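Just below is one structure, and these are the notes that go with it.
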2 protein chains.
Amino acid sequence: MKVPKIIRPTLIVDKNKAVKNIQRMMLKISQSPGRIRFRPHFKTHQSARIGEWFRELGITAITVSSVDMASYFAQNGWNDITIAILANPLEIESINQLAGTVDLNLLVDSAEMAGFLNLNLNQTVNVWIEIDTGDHRTGIEWDQKNEILSTTIEIKKLPKLRFKGLLTHSGHSYKVKSPAELIGIYDDTVTKMDTIREYLNEKGIPGVEISIGDTPTCSAVEQFYGINEVRCGNFVFYDLMQLALGTCKEEDIAVAVACPVIGCYPRRNQIVIYGGAIHLSKESMTHENGEKIFGLAALPNLDSHGWGPTVKDTYLSNLTQEHGIIKTFAEFCRQVNVGDILMILPVHSCLTANLMKDQFYIKG
Amino acid sequence: MKVPKIIRPTLIVDKNKAVKNIQRMMLKISQSPGRIRFRPHFKTHQSARIGEWFRELGITAITVSSVDMASYFAQNGWNDITIAILANPLEIESINQLAGTVDLNLLVDSAEMAGFLNLNLNQTVNVWIEIDTGDHRTGIEWDQKNEILSTTIEIKKLPKLRFKGLLTHSGHSYKVKSPAELIGIYDDTVTKMDTIREYLNEKGIPGVEISIGDTPTCSAVEQFYGINEVRCGNFVFYDLMQLALGTCKEEDIAVAVACPVIGCYPRRNQIVIYGGAIHLSKESMTHENGEKIFGLAALPNLDSHGWGPTVKDTYLSNLTQEHGIIKTFAEFCRQVNVGDILMILPVHSCLTANLMKDQFYIKG
């Protein structure tokens with residue numbers, strides 16, 4: 001099949017790489033002790049078509065990050081969905097519609113919200129208590145045992161709510177520097193969650209499930225233990241942030257944005273691409289060279305829309321709305337021409353994929 | 001008219017403020033010496049409906065930042081359009097379609113691209129040479145007189161190209177700290193552009209037009225001089241970045257994202273909203289308090305979807321895909337409840353408006 005010609009910024013999704021990433025995570029889960037449910041987060045790709053790759057491998061339960069996203073995947077045949085953001089009381093009408101069609105899991109971190117849901121839901125839903133194990137975004141702090149207990153007791157009293165367990169997102173894993181530290185965060189997360197599970201058990205609430213989710217720790221551990229559910233999402237694509245954390249290899253990164261070169265400036269070793277903040281997002285990171293970067297460049301394989309290794313000493317140093325500024329070295333600068341395509345590996349694939357929802361091509 | 005209930009992140013555009021911003025810029029242009037064309041940049045709002053506010057005030061020429069955006073506004077009745085990004089040879093087919101329906105202005109910064117256009121265009125188009133006056137993004141460096149001259153001579157030889165003049169975007173204006181410095185950049189830009197105009201005049205090329213564009217300098221100067229065209233765009237909405245530059249007042253900011261509160265954490269003086277990187281963009285800035293911020297919060301006026309002044313000592317300290325983390329003080333934290341709406345003033349309104357294209361409400 002002839003591949004379509006790229007003429008403007010286009011997200012290329014390498015299906016083989018993505019499927020390998022899914023298979024690798026599934027294998028790890030299946031080889032871990034106990035029965036662990038894999039409920040991958042679909043916020044990374046937000047695509048029914050990519051969702052099918054998971055379904056073909058046997059996945060039946062998914063995670064999303066908004067009611068809208070849940071509705072979209074429900075319409076595409078998914079019927080066991082966790083909305084992994086605290087329930088928003090203002091969306092109760094849409095939540096009720098969803099709860100009537102799928103097996104819905106909601107998050108709360110207060111007895112008040114549990115009470116609100118019970119009062120306003122038309123259907124029974126599953127409820128998880130979100131626990132803060134160190135990320136300090138949302139959730140009851142893990143050491144507030146009495147609050148967790150009283151919230152659990154309250155939920156178990158409410159007829160419209162089916163208490164499932166404790167859920168956490170260890171997002172602080174994005175701030176560390178090595179796989180060894182990530183394994184430390186995993187161990188710490190499991191220890192904290194298990195402390196609560198034990199406490200609830202002592203208080204007469206057995207069988208509490210534990211759900212965890214972030215891609216960095218899930219990628220770093222050799223085996224899972226101490227949990228019932230894994231919700232990571234970014235691993236399907238990975239990105240430069242994960243590469244820097246050591247949780248993937250460069251060849252595992254399954255997305256790149258194909259960008260036309262519109263300017264070449266050998267006098268300052270600079271290339272400018274059509275591809276900016278509205279294509280890649282303004283997520284940045286500190287590169288190993290000490291510079292703030294917004295992406296790395298690779299040469300395309302124009303026959304297949306694949307790409308080669310990232311070009312050394314070459315990085316996106318700034319983005320404006322539609323322009324990307326690439327700093328490079330003389331030889332590469334001379335080699336590239338206006339009208340060429342460069343492949344940009346994103347810093348954060350979830351945000352890039354969100355921006356490119358309407359402009360992507362699946363390779364393979 | 002009853003306003004619709006906000007239930008999820010929604011961009012609110014305050015029409016009165018936006019129209020006042022447009023009128024203020026138009027007044028300044030009309031009061032400046034000479035005849036200056038106003039060609040506002042529509043990349044900021046990307047909305048045909050908002051475009052009508054400009055049309056009602058007499059605007060007939062516009063700027064956009066992509067061929068797609070040009071096609072969209074062409075379909076909405078705009079027929080004098082500048083695509084203010086270097087012509088992308090890969091989009092020649094769409095450019096030809098456009099050139100057949102509207103008065104099209106393209107940018108080049110090389111004789112090669114001018115030659116390519118002449119060879120591949122079916123229609124005559126207007127062409128500007130992009131000049132780099134210090135931003136170092138795209139354009140021929142202003143002091144490369146011979147290159148500018150030879151490119152001009154080449155363009156004037158080509159039958160499909162109608163040479164218009166010299167165009168620059170002084171984007172380095174975003175890096176300064178005060179209106180006085182911005183006026184300095186304006187003066188510097190005009191001096192550099194005028195040097196080239198004079199040089200071309202000496203070489204027998206009279207009547208070269210000069211087009212400038214960035215919102216910071218256009219807002220800072222009391223009067224325009226030495227130019228023929230103004231292309232700024234952000235001024236219609238302004239944002240926190242402009243506020244920090246001193247180019248607008250807080251009450252001029254015409255957009256805010258209404259976000260539901262989903263978590264309150266008085267133990268750490270934190271509020272969490274449903275409203276994250278996919279709503280606001282990850283553009284950040286250093287606030288006057290020294291912190292990196294992603295937005296400021298204001299209380300809504302729920303009757304009208306307006307908003308009050310920004311809340312002191314309260315700012316968006318981090319964004320994940322769907323969550324916004326607000327740092328605040330004890331009293332405000334106690335005052336806000338889950339289910340409330342907070343209004344977030346964005347750091348960079350162009351990127352926020354781009355993300356919220358499908359989820360906005362016009363107030364007034």
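Convention: chains lettered A, B, ... in structure tokens order; per-chain residue numbering from 1; ligands numbered from 1 as shown.
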Residues of chain B within 7 Å of chain A: nearest atom pair and distance (Å, one decimal) for each, counting only C-alpha atoms, sorted by chain and number, as CSV?
```
residue,atom,partner,partner_atom,distance
B:Ile7,CA,A:Leu90,CA,4.9
B:Ser65,CA,A:Glu322,CA,7.0
B:Leu86,CA,A:Ile262,CA,6.2
B:Asn88,CA,A:Ile262,CA,5.8
B:Pro89,CA,A:Gly339,CA,5.8
B:Leu90,CA,A:Ile7,CA,4.9
B:Glu91,CA,A:Ile7,CA,5.7
B:Arg137,CA,A:Ile325,CA,6.8
B:Thr138,CA,A:Gly263,CA,6.5
B:Ile262,CA,A:Asn88,CA,5.8
B:Gly263,CA,A:Thr138,CA,6.5
B:Ile278,CA,A:Leu351,CA,6.8
B:Ser281,CA,A:Lys282,CA,6.9
B:Lys282,CA,A:Lys282,CA,5.3
B:Glu283,CA,A:Lys282,CA,5.8
B:Glu322,CA,A:Ser65,CA,6.9
B:Ile325,CA,A:Arg137,CA,6.8
B:Gly339,CA,A:Pro89,CA,5.8
B:Leu351,CA,A:Ile278,CA,6.8
```
* Asked: Got a sec to tell me which of stretch 181-234 of chain A DSSP assigns to strand (DSSP E), as a list in words?
  ->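 Output for stretch 181-234 of chain A, strand (DSSP E) only: Glu209, Ile210, Ser211, Ile212, Glu229 and Val230 of chain A.
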* Among listed residues A:Tyr186, A:Lys192, A:Tyr238, A:Leu245, nearest A:Thr217 (using only C-alpha atoms) ->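 Smallest distance to A:Thr217 is found for A:Tyr186.
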Using only C-alpha atoms, which residues sit within 12 Å of B:Phe38 once same-chain residues fewer than 4 positions away are excluded, as a CSV table (one decimal) with C-alpha atoms, in the first residue's frame?
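What follows is the written file part31.csv:
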```
chain,number,residue,atom,x,y,z
B,22,ILE,CA,-10.1,45.8,19.1
B,23,GLN,CA,-11.4,49.4,19.2
B,25,MET,CA,-6.0,49.2,18.7
B,26,MET,CA,-8.0,50.6,15.8
B,27,LEU,CA,-8.1,54.0,17.3
B,28,LYS,CA,-4.3,54.0,17.9
B,29,ILE,CA,-3.8,53.0,14.3
B,30,SER,CA,-6.1,55.7,12.9
B,32,SER,CA,-1.0,57.5,13.9
B,54,PHE,CA,-13.7,42.8,13.6
B,55,ARG,CA,-15.7,43.0,10.3
B,57,LEU,CA,-15.7,47.5,13.0
B,58,GLY,CA,-14.6,47.8,9.4
B,59,ILE,CA,-11.7,45.3,9.2
B,60,THR,CA,-11.4,43.7,5.7
B,61,ALA,CA,-7.8,42.2,5.7
B,62,ILE,CA,-6.6,39.5,8.0
B,63,THR,CA,-3.6,37.4,9.0
B,80,ASP,CA,-7.8,39.4,1.7
B,81,ILE,CA,-5.6,37.0,3.7
B,82,THR,CA,-1.9,36.9,4.7
B,211,SER,CA,4.5,45.1,7.9
B,212,ILE,CA,5.0,44.4,11.7
B,213,GLY,CA,3.1,42.3,14.0
B,218,CYS,CA,2.0,47.2,19.2
B,224,PHE,CA,2.8,53.8,15.2
B,227,ILE,CA,5.3,51.2,8.9
B,228,ASN,CA,2.5,50.4,6.5
B,229,GLU,CA,0.7,47.5,8.1
B,230,VAL,CA,0.1,46.1,11.7
B,231,ARG,CA,-0.7,42.4,12.1
B,232,CYS,CA,-1.0,41.8,15.9
B,233,GLY,CA,-3.5,39.3,17.1
```
